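Colleague: One structure, as structure tokens, below. Some questions next.
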Amino acid sequence: MPNVERSSSLIVTLIGMDRPGLVAIVAGVVADHQGNWVESRMAHLAGRFAGFLRVLVPTARVEALTTALTHATAGSLTITLERVEEVSSNFPAVAPGTSLTELELIGADHPGIVHAVTAVLLTHGANIWEFESECVAAPMTSTPLFKAKAQIELPEGGQLAALRNDLEAIAADLMVELRLSPR
């Protein structure tokens with residue numbers, strides 16, 4: 001029987017002052033340690049680089065990878081690594097008896113929008129899988145607009161119509177437009 005090397009799945013978080021080459025440095029260290037870059041989310045936020053990624057690396061190389069990443073990015077990035085159990089597929093699957101729904105929102109920017117919307121989602125037992133938001137200038141007026149997009153998982157028996165009604169009930173107070181679409 002051939003010798004099969006065990007792999008560990010790691011979630012790596014990164015944050016630091018943005019500059020060209022940060023992703024290339026991290027990718028190079030991962031590759032140098034026989035790691036496989038499986039998935040990631042990265043962004044430029046307020047002059048900072050922030051991201052997280054999942055890598056598979058031979059278990060025997062986890063400590064060396066951790067040390068190498070820390071040294072390669074010293075002074076540039078703060079890095080944390082967490083070992084996680086590997087899932088059977090690279091593609092996320094909704095839990096049995098649940099469904100995915102996409103939520104899109106746009107409206108005048110002001111404090112409290114995310115809190116109000118997520119409070120409604122919580123009352124319906126929704127789990128947020130992905131959430132992206134940004135403030136942009138409105139065309140012609142340049143007033144700040146808040147835009148958000150989320151993938152949410154609704155539990156079995158979760159009523160999309162009831163969730164929609166509850167979100168629409170707060171939309172006028174928040175001065176936002178909402179759209180829910182089952183996936």
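Labels used: A, B, ... for chains in the order of the structure tokens, numbers from 1 for residues in each chain, and numbers from 1 for ligands as shown.
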Quick check for you: according to DSSP on this backbone, which residues of segment 21-127 of chain A are classed as strand (DSSP E)? Reply as an MDAnalysis selection string.
Modeller: chainID A and resid 36:45 48:58 77:84 99:108 127
Colleague: Using C-alpha atoms, can you export the residues from the last selection as a PDB file, in the first residue's frame?
Modeller:
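The resulting file, selection29.pdb, is shown below:
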```
ATOM      1  CA  ASN A  36      -2.975  23.760  -1.749  1.00  0.00           C
ATOM      2  CA  TRP A  37      -4.779  27.142  -1.742  1.00  0.00           C
ATOM      3  CA  VAL A  38      -8.417  25.971  -1.778  1.00  0.00           C
ATOM      4  CA  GLU A  39     -10.532  29.093  -1.304  1.00  0.00           C
ATOM      5  CA  SER A  40     -10.208  32.686  -0.130  1.00  0.00           C
ATOM      6  CA  ARG A  41     -11.845  36.064   0.361  1.00  0.00           C
ATOM      7  CA  MET A  42      -9.692  39.186   0.363  1.00  0.00           C
ATOM      8  CA  ALA A  43     -10.344  42.908   0.248  1.00  0.00           C
ATOM      9  CA  HIS A  44      -8.888  46.378   0.586  1.00  0.00           C
ATOM     10  CA  LEU A  45     -10.557  48.063   3.585  1.00  0.00           C
ATOM     11  CA  ARG A  48      -5.631  47.879   4.954  1.00  0.00           C
ATOM     12  CA  PHE A  49      -5.458  44.466   3.347  1.00  0.00           C
ATOM     13  CA  ALA A  50      -7.761  41.957   5.006  1.00  0.00           C
ATOM     14  CA  GLY A  51      -8.408  38.397   4.021  1.00  0.00           C
ATOM     15  CA  PHE A  52      -8.898  34.835   4.939  1.00  0.00           C
ATOM     16  CA  LEU A  53      -8.146  31.653   3.095  1.00  0.00           C
ATOM     17  CA  ARG A  54      -8.366  27.910   3.479  1.00  0.00           C
ATOM     18  CA  VAL A  55      -5.351  25.826   2.601  1.00  0.00           C
ATOM     19  CA  LEU A  56      -4.623  22.122   2.681  1.00  0.00           C
ATOM     20  CA  VAL A  57      -1.094  21.313   3.771  1.00  0.00           C
ATOM     21  CA  PRO A  58       0.625  18.043   4.693  1.00  0.00           C
ATOM     22  CA  LEU A  77       0.668  41.335   8.116  1.00  0.00           C
ATOM     23  CA  THR A  78      -0.799  39.964  11.297  1.00  0.00           C
ATOM     24  CA  ILE A  79      -1.546  36.308  10.618  1.00  0.00           C
ATOM     25  CA  THR A  80      -3.524  33.704  12.529  1.00  0.00           C
ATOM     26  CA  LEU A  81      -3.919  30.054  11.593  1.00  0.00           C
ATOM     27  CA  GLU A  82      -6.561  27.675  12.831  1.00  0.00           C
ATOM     28  CA  ARG A  83      -6.726  23.979  12.067  1.00  0.00           C
ATOM     29  CA  VAL A  84     -10.229  22.890  11.027  1.00  0.00           C
ATOM     30  CA  SER A  99     -32.462  26.388   1.767  1.00  0.00           C
ATOM     31  CA  LEU A 100     -30.284  29.239   0.522  1.00  0.00           C
ATOM     32  CA  THR A 101     -31.690  32.662  -0.206  1.00  0.00           C
ATOM     33  CA  GLU A 102     -29.961  35.732  -1.592  1.00  0.00           C
ATOM     34  CA  LEU A 103     -30.590  39.083   0.066  1.00  0.00           C
ATOM     35  CA  GLU A 104     -29.730  42.376  -1.646  1.00  0.00           C
ATOM     36  CA  LEU A 105     -30.119  45.764  -0.053  1.00  0.00           C
ATOM     37  CA  ILE A 106     -29.484  49.360  -1.154  1.00  0.00           C
ATOM     38  CA  GLY A 107     -30.349  52.639   0.495  1.00  0.00           C
ATOM     39  CA  ALA A 108     -29.183  55.832   2.113  1.00  0.00           C
ATOM     40  CA  ASN A 127     -27.604  31.684   9.162  1.00  0.00           C
TER      41      ASN A 127
END
```
Colleague: Can you pull out the residues contacting Ala46 of chain A? Cut-off 12 Å, using only C-alpha atoms, and skip same-chain residues under 5 positions away; I want them as JSON, numbers by chain.
Modeller: {"A": [15, 16, 17, 18, 134, 135]}
Colleague: Would you kindly return, as a CSV table (one decimal) with C-alpha atoms, in the first residue's frame, each protein, DNA or RNA residue with an atom no farther than 8 Å from any atom of segment 110-119 of chain A, considering only C-alpha atoms and excluding same-chain residues fewer than 5 positions away?
Modeller:
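Resulting contents of part39.csv:
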```csv
chain,number,residue,atom,x,y,z
A,146,PHE,CA,-25.1,51.6,1.5
A,167,LEU,CA,-37.8,42.8,6.3
A,170,ILE,CA,-38.3,47.7,8.5
A,174,LEU,CA,-34.3,52.2,7.3
```
Colleague: Find, counting only C-alpha atoms, the residue in A:Trp129, A:Ile25, A:Ala138, A:Val12 that gets nearest to Val62 of chain A.
Modeller: A:Val12
Colleague: Record the distance separating atom CA of Ala137 of chain A and atom CA of Asp109 of chain A, expressed in Å with one decimal.
Modeller: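 A separation of 9.9 Å between them.
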Colleague: Report as a list in words all protein, DNA and RNA residues lying within 12 Å of Ala72 of chain A, evaluated on only C-alpha atoms, omitting residues in the same chain fewer than 4 positions from it.
Modeller: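 Near neighbours after the sequence-gap exclusion: Gly21, Leu22, Val23, Ala24, Ile25, Val26, Ala27, Gly28, Val29, Val30, Asp32, Ala64, Leu65, Thr66, Thr67, Ala68, Ser76, Leu77, Thr78 and Ile79 of chain A.
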Colleague: Go ahead and save the picked residues with N, CA and C atoms, as a CSV table (one decimal), in the first residue's frame.
Modeller:
```
chain,number,residue,atom,x,y,z
A,21,GLY,N,2.0,42.9,-3.7
A,21,GLY,CA,2.8,41.7,-3.4
A,21,GLY,C,2.5,40.9,-2.2
A,22,LEU,N,1.5,41.3,-1.4
A,22,LEU,CA,1.2,40.6,-0.2
A,22,LEU,C,0.6,39.2,-0.5
A,23,VAL,N,-0.3,39.1,-1.4
A,23,VAL,CA,-0.9,37.9,-1.8
A,23,VAL,C,0.2,36.9,-2.4
A,24,ALA,N,1.0,37.5,-3.2
A,24,ALA,CA,2.1,36.7,-3.8
A,24,ALA,C,3.0,36.1,-2.8
A,25,ILE,N,3.4,36.9,-1.7
A,25,ILE,CA,4.2,36.4,-0.7
A,25,ILE,C,3.5,35.2,0.0
A,26,VAL,N,2.3,35.4,0.4
A,26,VAL,CA,1.6,34.3,1.1
A,26,VAL,C,1.4,33.1,0.2
A,27,ALA,N,1.0,33.3,-1.0
A,27,ALA,CA,0.9,32.2,-2.0
A,27,ALA,C,2.2,31.4,-2.2
A,28,GLY,N,3.3,32.1,-2.2
A,28,GLY,CA,4.6,31.5,-2.4
A,28,GLY,C,5.0,30.6,-1.2
A,29,VAL,N,4.7,31.1,0.0
A,29,VAL,CA,5.0,30.3,1.2
A,29,VAL,C,4.1,29.1,1.3
A,30,VAL,N,2.8,29.2,0.9
A,30,VAL,CA,1.9,28.1,0.9
A,30,VAL,C,2.5,27.0,-0.1
A,32,ASP,N,5.5,26.7,-1.3
A,32,ASP,CA,6.8,26.1,-0.8
A,32,ASP,C,6.6,25.0,0.2
A,64,ALA,N,6.0,24.2,10.2
A,64,ALA,CA,6.9,24.9,9.3
A,64,ALA,C,6.2,26.0,8.5
A,65,LEU,N,5.0,25.7,8.0
A,65,LEU,CA,4.2,26.7,7.3
A,65,LEU,C,3.9,27.9,8.2
A,66,THR,N,3.5,27.6,9.4
A,66,THR,CA,3.1,28.7,10.3
A,66,THR,C,4.3,29.6,10.6
A,67,THR,N,5.5,29.0,10.8
A,67,THR,CA,6.7,29.8,11.1
A,67,THR,C,7.1,30.6,9.8
A,68,ALA,N,7.0,30.0,8.7
A,68,ALA,CA,7.4,30.6,7.4
A,68,ALA,C,6.5,31.8,7.1
A,76,SER,N,4.5,43.3,8.0
A,76,SER,CA,3.5,43.6,7.0
A,76,SER,C,2.1,43.2,7.4
A,77,LEU,N,2.0,41.9,7.8
A,77,LEU,CA,0.7,41.3,8.1
A,77,LEU,C,0.6,40.7,9.5
A,78,THR,N,-0.5,40.8,10.1
A,78,THR,CA,-0.8,40.0,11.3
A,78,THR,C,-1.5,38.7,10.8
A,79,ILE,N,-1.0,37.6,11.1
A,79,ILE,CA,-1.5,36.3,10.6
A,79,ILE,C,-2.0,35.4,11.8
```
Colleague: Going by DSSP on the backbone, which residues of segment 4-181 of chain A come out as alpha helix (DSSP H)? List them as a PyMOL selection string.
Modeller: chain A and resi 22-32+62-72+113-123+160-174
